[in-house]
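Have a look at run_4.csv below; it lists CSV, C-alpha atoms and all ligand atoms.
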chain,number,residue,atom,x,y,z
A,306,MET,CA,4.4,-15.7,6.4
A,307,LEU,CA,3.3,-12.6,4.4
A,308,ASN,CA,-0.2,-12.2,3.1
A,309,ALA,CA,-2.0,-9.4,1.3
A,310,ILE,CA,-5.4,-8.5,2.8
A,311,GLY,CA,-8.1,-10.8,1.6
A,312,SER,CA,-5.6,-13.4,0.2
A,313,LYS,CA,-4.2,-16.6,1.6
A,314,VAL,CA,-1.2,-16.7,-0.7
A,315,ASP,CA,2.1,-16.7,1.2
A,316,LEU,CA,4.0,-13.9,-0.4
A,317,SER,CA,7.2,-15.0,1.3
A,318,ASP,CA,7.3,-18.1,-0.8
A,319,SER,CA,10.4,-17.8,-3.0
A,320,ASN,CA,8.7,-20.0,-5.7
A,321,LEU,CA,6.2,-17.3,-6.5
A,322,GLU,CA,6.8,-15.0,-9.4
A,323,TYR,CA,5.5,-12.1,-7.3
A,324,HIS,CA,8.1,-12.9,-4.7
A,325,TYR,CA,10.9,-13.0,-7.3
A,326,LEU,CA,10.0,-9.6,-8.6
A,327,VAL,CA,10.2,-7.9,-5.1
A,328,ALA,CA,12.5,-10.2,-3.1
A,329,ASP,CA,15.3,-7.5,-2.8
A,330,LEU,CA,12.7,-4.9,-1.6
A,331,LEU,CA,11.2,-7.3,1.0
A,332,GLU,CA,14.7,-7.5,2.6
A,333,ASN,CA,15.5,-3.9,2.4
A,334,GLU,CA,15.9,-2.0,5.7
A,335,THR,CA,14.3,1.2,4.5
A,336,VAL,CA,11.3,-0.7,3.1
A,337,LEU,CA,11.0,-2.7,6.4
A,338,LYS,CA,11.0,0.6,8.3
A,339,MET,CA,7.5,1.1,7.1
A,340,MET,CA,6.4,-1.6,9.6
A,341,GLU,CA,7.0,1.1,12.4
A,342,PHE,CA,4.2,3.4,11.1
A,343,PRO,CA,0.5,2.9,11.3
A,344,HIS,CA,-1.5,3.6,8.2
A,345,HIS,CA,-5.2,2.7,8.0
A,346,GLY,CA,-6.8,1.3,11.2
A,347,ASP,CA,-4.7,-1.6,12.4
A,348,THR,CA,-2.7,-1.8,9.1
A,349,THR,CA,0.9,-0.7,9.1
A,350,CYS,CA,2.3,1.3,6.2
A,351,PHE,CA,4.3,-1.8,5.2
A,352,GLN,CA,1.3,-4.0,5.1
A,353,HIS,CA,-0.7,-1.4,3.1
A,354,CYS,CA,2.2,-1.2,0.6
A,355,LEU,CA,2.3,-5.0,0.4
A,356,ASN,CA,-1.4,-5.2,-0.2
A,357,VAL,CA,-1.2,-2.5,-3.0
A,358,SER,CA,1.9,-4.2,-4.5
A,359,TYR,CA,0.3,-7.6,-4.7
A,360,TYR,CA,-3.0,-6.5,-6.2
A,361,ASN,CA,-1.2,-4.1,-8.6
A,362,TYR,CA,0.8,-7.1,-9.7
A,363,LYS,CA,-2.4,-9.2,-10.2
A,364,VAL,CA,-4.3,-6.5,-12.1
A,365,CYS,CA,-1.3,-5.6,-14.3
A,366,ARG,CA,-0.7,-9.2,-15.1
A,367,PHE,CA,-4.4,-9.7,-16.0
A,368,PHE,CA,-4.3,-6.8,-18.4
A,369,SER,CA,-0.8,-7.7,-19.8
A,370,LEU,CA,0.7,-4.5,-18.4
A,371,ASN,CA,4.1,-4.2,-16.7
A,372,GLU,CA,3.5,-6.4,-13.6
A,373,ARG,CA,7.1,-5.9,-12.4
A,374,ALA,CA,6.7,-2.2,-12.2
A,375,GLY,CA,3.3,-2.5,-10.7
A,376,ALA,CA,4.6,-4.8,-7.9
A,377,ARG,CA,7.8,-2.8,-7.2
A,378,ALA,CA,6.3,0.7,-7.3
A,379,GLY,CA,3.3,-0.6,-5.3
A,380,LEU,CA,5.6,-1.7,-2.5
A,381,LEU,CA,7.4,1.7,-2.5
A,382,HIS,CA,4.5,4.0,-3.2
A,383,ASP,CA,4.0,5.2,0.4
A,384,LEU,CA,7.6,5.2,1.5
A,385,PHE,CA,7.2,8.6,3.3
A,386,LEU,CA,8.5,7.2,6.6
A,387,TYR,CA,6.5,9.1,9.3
A,388,ASP,CA,3.2,8.6,11.1
A,389,TRP,CA,0.8,10.7,9.1
A,390,HIS,CA,-1.7,10.8,11.9
A,391,THR,CA,0.5,13.0,14.0
A,392,TYR,CA,2.4,14.7,11.2
A,393,LYS,CA,2.3,18.5,11.3
A,394,PRO,CA,3.1,20.2,8.0
A,395,ALA,CA,5.7,22.9,8.1
A,396,LYS,CA,4.5,26.5,7.6
A,397,GLY,CA,3.3,26.9,4.0
A,398,GLU,CA,3.5,23.1,3.4
A,399,ARG,CA,0.3,21.4,2.1
A,400,LEU,CA,-1.4,18.6,3.9
A,401,HIS,CA,0.0,15.0,3.9
A,402,GLY,CA,-2.5,13.8,1.3
A,403,PHE,CA,-1.1,16.3,-1.2
A,404,THR,CA,2.6,16.0,-0.4
A,405,HIS,CA,3.4,12.4,0.6
A,406,ALA,CA,3.6,11.0,-2.9
A,407,GLY,CA,6.4,13.5,-3.6
A,408,THR,CA,8.1,12.6,-0.3
A,409,ALA,CA,7.9,8.9,-1.1
A,410,LEU,CA,9.3,9.5,-4.6
A,411,LYS,CA,12.3,11.4,-3.2
A,412,ASN,CA,13.0,8.7,-0.5
A,413,VAL,CA,12.7,6.0,-3.2
A,414,ARG,CA,15.1,7.8,-5.5
A,415,ASP,CA,17.5,8.3,-2.6
A,416,ASN,CA,17.6,4.5,-2.0
A,417,PHE,CA,16.8,2.7,-5.3
A,418,TYR,CA,17.2,2.9,-9.0
A,419,ILE,CA,13.7,3.2,-10.5
A,420,SER,CA,12.4,3.5,-14.1
A,421,ASP,CA,10.2,6.4,-15.4
A,422,LEU,CA,7.2,4.1,-15.3
A,423,GLU,CA,7.8,3.3,-11.6
A,424,ALA,CA,8.4,7.0,-10.8
A,425,ASP,CA,5.1,7.9,-12.4
A,426,ILE,CA,3.2,5.2,-10.5
A,427,ILE,CA,4.6,6.5,-7.2
A,428,GLU,CA,4.4,10.2,-7.9
A,429,LYS,CA,0.8,10.1,-9.2
A,430,HIS,CA,-0.9,7.5,-7.1
A,431,MET,CA,-2.9,10.1,-5.3
A,432,PHE,CA,-4.7,11.3,-8.5
A,433,PRO,CA,-7.4,12.8,-8.6
A,434,LEU,CA,-6.7,14.4,-5.1
A,435,ASN,CA,-3.5,15.7,-6.7
A,436,ILE,CA,-5.4,16.8,-9.8
A,437,THR,CA,-2.3,18.1,-11.6
A,438,ALA,CA,-0.5,14.8,-11.2
A,439,PHE,CA,-2.2,13.2,-14.2
A,440,PRO,CA,-1.2,9.5,-14.8
A,441,LYS,CA,1.0,9.1,-17.8
A,442,TYR,CA,0.8,5.3,-18.0
A,443,ARG,CA,-2.0,2.7,-17.6
A,444,GLU,CA,0.0,1.1,-14.7
A,445,THR,CA,-0.5,4.4,-12.8
A,446,LEU,CA,-4.2,4.3,-13.4
A,447,VAL,CA,-4.1,0.7,-11.9
A,448,ILE,CA,-2.5,1.9,-8.7
A,449,VAL,CA,-4.9,4.9,-8.4
A,450,LEU,CA,-7.7,2.3,-8.2
A,451,VAL,CA,-5.9,-0.4,-6.3
A,452,ASP,CA,-4.7,2.0,-3.6
A,453,LYS,CA,-8.2,3.1,-2.9
A,454,TYR,CA,-9.6,-0.4,-3.0
A,455,CYS,CA,-6.9,-1.6,-0.4
A,456,GLY,CA,-7.5,1.5,1.8
A,457,LEU,CA,-11.2,0.6,1.9
A,458,LEU,CA,-10.6,-3.1,2.7
A,459,GLU,CA,-8.0,-2.1,5.4
A,460,THR,CA,-10.6,0.3,7.0
A,461,VAL,CA,-13.7,-1.8,6.7
A,462,ILE,CA,-12.5,-5.4,7.3
A,463,PRO,CA,-11.1,-4.8,10.9
A,464,ARG,CA,-14.4,-3.0,11.8
A,465,LEU,CA,-16.5,-5.8,10.5
A,466,ARG,CA,-14.4,-8.3,12.5
A,467,ARG,CA,-14.9,-6.2,15.6
A,468,VAL,CA,-18.7,-6.2,15.0
A,469,GLY,CA,-18.6,-9.9,14.4
A,470,THR,CA,-16.7,-10.5,17.7
A,471,ALA,CA,-19.1,-8.3,19.6
A,472,PHE,CA,-22.1,-10.2,18.2
A,473,LYS,CA,-20.4,-13.6,19.2
A,474,LYS,CA,-19.8,-12.4,22.7
A,475,LEU,CA,-23.4,-11.2,23.0
A,476,GLY,CA,-24.6,-14.6,21.7
A,477,ALA,CA,-22.4,-16.4,24.2
A,478,LYS,CA,-23.8,-14.2,27.0
A,479,ALA,CA,-27.4,-14.8,25.9
A,480,LYS,CA,-26.8,-18.5,25.9
A,481,LYS,CA,-25.5,-18.4,29.5
A,482,ALA,CA,-28.4,-16.2,30.7
B,1,FE,FE,-0.4,7.3,-0.6
B,2,FE,FE,-1.3,4.0,-0.4
Output the file's structure as structure tokens, nothing else.
Ligand SMILES: [Fe+2]
Ligand SMILES: [Fe+2]
Amino acid sequence: MLNAIGSKVDLSDSNLEYHYLVADLLENETVLKMMEFPHHGDTTCFQHCLNVSYYNYKVCRFFSLNERAGARAGLLHDLFLYDWHTYKPAKGERLHGFTHAGTALKNVRDNFYISDLEADIIEKHMFPLNITAFPKYRETLVIVLVDKYCGLLETVIPRLRRVGTAFKKLGAKAKKA
């Protein structure tokens, strides 16, 4: 069972249009390798990319944009394949936040055929941090927003859950006392 954060839809269901659009990527070894790397909080890089991919798909579909490119580039947008928490940039190299979109694009090009639109979505998803990587397509503007929205959910929801669990435990203790 595969779910995007905040959704109960099983994304492994082959009857879903979303699944049809990304089915080959969901079985690809390089893409699955992202499961090995933590991203935000308890969320792996793969889960983050799945979250972004699904909401990209939904938003693009809603606005009659290219939902296929949104879904596929979303799933590939952070394919940099290292743990950014412990990554040390080489001498003269800029920090992860500035470089990883380019690294992901290179890895994607090494493994898949992608369109210009998909390349733009991947390469410029860190705008406006990468201020010179100005989005060329509306689908790229979608990922700029969706990526930040998912990052926020991935950081906040686990913390809220932990606070909720702590309160429940406190409540249980108070009842016993
Ligand atoms: Fe990113
Ligand atoms: Fe991301």
Using all atoms listed in the file, which protein or nucleic acid residues are at most 8 Å from ligand FE 1 (chain B), as JSON, numbers by chain? {"A": [382, 383, 402, 405, 406, 430, 431, 452]}
Could you list, as a PyMOL selection string, every residue within 10 Å of region 364-368 of chain A, counting all atoms listed in the file and ignoring same-chain residues fewer than 5 positions away? chain A and resi 359+373-376+443-444+447-448+451
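Counting only C-alpha atoms, Tyr392 (chain A) has the following residues at most 10 Å away, ignoring those fewer than 5 positions along the same chain: Tyr387, Leu400 and His401 of chain A.
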Write as a PyMOL selection string the residues around ligand FE 2 (chain B), taking 12 Å as the cut-off and counting all atoms listed in the file. chain A and resi 339+343-345+348-358+361+378-385+389+401-402+405-406+409+426-432+448-457+459
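Going from CA of Leu410 (chain A) to CA of Tyr325 (chain A) covers 22.7 Å.
Using all atoms listed in the file, the smallest distance between any of A:Leu458, A:Leu422, A:Val327, A:Leu386 and Thr408 (chain A) comes from A:Leu386.
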So that I can look at just that part, could you write region 378-451 of chain A with C-alpha atoms, as an mmCIF file, in the first residue's frame?
data_model
loop_
_atom_site.group_PDB
_atom_site.id
_atom_site.type_symbol
_atom_site.label_atom_id
_atom_site.label_comp_id
_atom_site.auth_asym_id
_atom_site.auth_seq_id
_atom_site.Cartn_x
_atom_site.Cartn_y
_atom_site.Cartn_z
ATOM 1 C CA ALA A 378 8.858 14.843 -12.626
ATOM 2 C CA GLY A 379 7.466 15.061 -9.085
ATOM 3 C CA LEU A 380 8.535 11.483 -8.425
ATOM 4 C CA LEU A 381 12.013 12.217 -9.789
ATOM 5 C CA HIS A 382 12.604 15.776 -8.557
ATOM 6 C CA ASP A 383 14.823 14.877 -5.573
ATOM 7 C CA LEU A 384 16.689 11.916 -7.092
ATOM 8 C CA PHE A 385 20.050 13.090 -5.747
ATOM 9 C CA LEU A 386 20.696 9.775 -3.911
ATOM 10 C CA TYR A 387 22.574 10.735 -0.749
ATOM 11 C CA ASP A 388 21.686 11.673 2.819
ATOM 12 C CA TRP A 389 21.691 15.473 2.703
ATOM 13 C CA HIS A 390 21.891 15.669 6.500
ATOM 14 C CA THR A 391 25.448 14.311 6.446
ATOM 15 C CA TYR A 392 26.475 15.458 2.976
ATOM 16 C CA LYS A 393 29.609 17.580 2.893
ATOM 17 C CA PRO A 394 29.977 19.739 -0.225
ATOM 18 C CA ALA A 395 33.329 19.497 -2.009
ATOM 19 C CA LYS A 396 35.646 22.493 -1.822
ATOM 20 C CA GLY A 397 34.086 25.327 -3.785
ATOM 21 C CA GLU A 398 30.756 23.486 -4.121
ATOM 22 C CA ARG A 399 27.626 25.265 -2.914
ATOM 23 C CA LEU A 400 25.309 23.883 -0.218
ATOM 24 C CA HIS A 401 22.888 21.026 -0.913
ATOM 25 C CA GLY A 402 19.895 23.377 -1.196
ATOM 26 C CA PHE A 403 21.469 25.080 -4.202
ATOM 27 C CA THR A 404 22.975 22.067 -5.956
ATOM 28 C CA HIS A 405 20.667 19.064 -5.468
ATOM 29 C CA ALA A 406 18.167 19.981 -8.187
ATOM 30 C CA GLY A 407 21.009 19.893 -10.730
ATOM 31 C CA THR A 408 22.317 16.611 -9.300
ATOM 32 C CA ALA A 409 18.832 15.102 -9.483
ATOM 33 C CA LEU A 410 18.426 16.250 -13.096
ATOM 34 C CA LYS A 411 21.740 14.664 -14.053
ATOM 35 C CA ASN A 412 20.778 11.366 -12.357
ATOM 36 C CA VAL A 413 17.375 11.450 -14.055
ATOM 37 C CA ARG A 414 18.902 12.090 -17.482
ATOM 38 C CA ASP A 415 21.368 9.217 -16.893
ATOM 39 C CA ASN A 416 18.480 6.809 -16.231
ATOM 40 C CA PHE A 417 15.384 8.009 -18.092
ATOM 41 C CA TYR A 418 14.204 9.840 -21.163
ATOM 42 C CA ILE A 419 12.502 13.059 -20.053
ATOM 43 C CA SER A 420 10.815 15.938 -21.871
ATOM 44 C CA ASP A 421 11.912 19.610 -21.676
ATOM 45 C CA LEU A 422 8.927 20.272 -19.443
ATOM 46 C CA GLU A 423 9.895 17.486 -17.012
ATOM 47 C CA ALA A 424 13.505 18.722 -16.994
ATOM 48 C CA ASP A 425 12.352 22.269 -16.161
ATOM 49 C CA ILE A 426 10.175 20.960 -13.301
ATOM 50 C CA ILE A 427 13.119 19.050 -11.804
ATOM 51 C CA GLU A 428 15.850 21.617 -12.393
ATOM 52 C CA LYS A 429 13.901 24.617 -11.088
ATOM 53 C CA HIS A 430 11.873 23.146 -8.229
ATOM 54 C CA MET A 431 14.028 25.031 -5.683
ATOM 55 C CA PHE A 432 13.021 28.458 -6.984
ATOM 56 C CA PRO A 433 13.213 31.076 -5.409
ATOM 57 C CA LEU A 434 16.171 29.731 -3.374
ATOM 58 C CA ASN A 435 17.861 29.204 -6.728
ATOM 59 C CA ILE A 436 16.817 32.654 -7.884
ATOM 60 C CA THR A 437 18.384 32.298 -11.338
ATOM 61 C CA ALA A 438 16.483 29.031 -12.032
ATOM 62 C CA PHE A 439 13.293 30.853 -13.023
ATOM 63 C CA PRO A 440 10.384 28.493 -13.912
ATOM 64 C CA LYS A 441 9.615 28.413 -17.624
ATOM 65 C CA TYR A 442 6.335 26.483 -17.382
ATOM 66 C CA ARG A 443 3.255 26.707 -15.161
ATOM 67 C CA GLU A 444 3.828 23.068 -14.113
ATOM 68 C CA THR A 445 7.169 24.180 -12.636
ATOM 69 C CA LEU A 446 5.401 26.850 -10.576
ATOM 70 C CA VAL A 447 3.114 24.080 -9.299
ATOM 71 C CA ILE A 448 6.027 22.003 -7.976
ATOM 72 C CA VAL A 449 7.639 25.085 -6.408
ATOM 73 C CA LEU A 450 4.516 25.401 -4.229
ATOM 74 C CA VAL A 451 3.671 21.697 -3.804
#
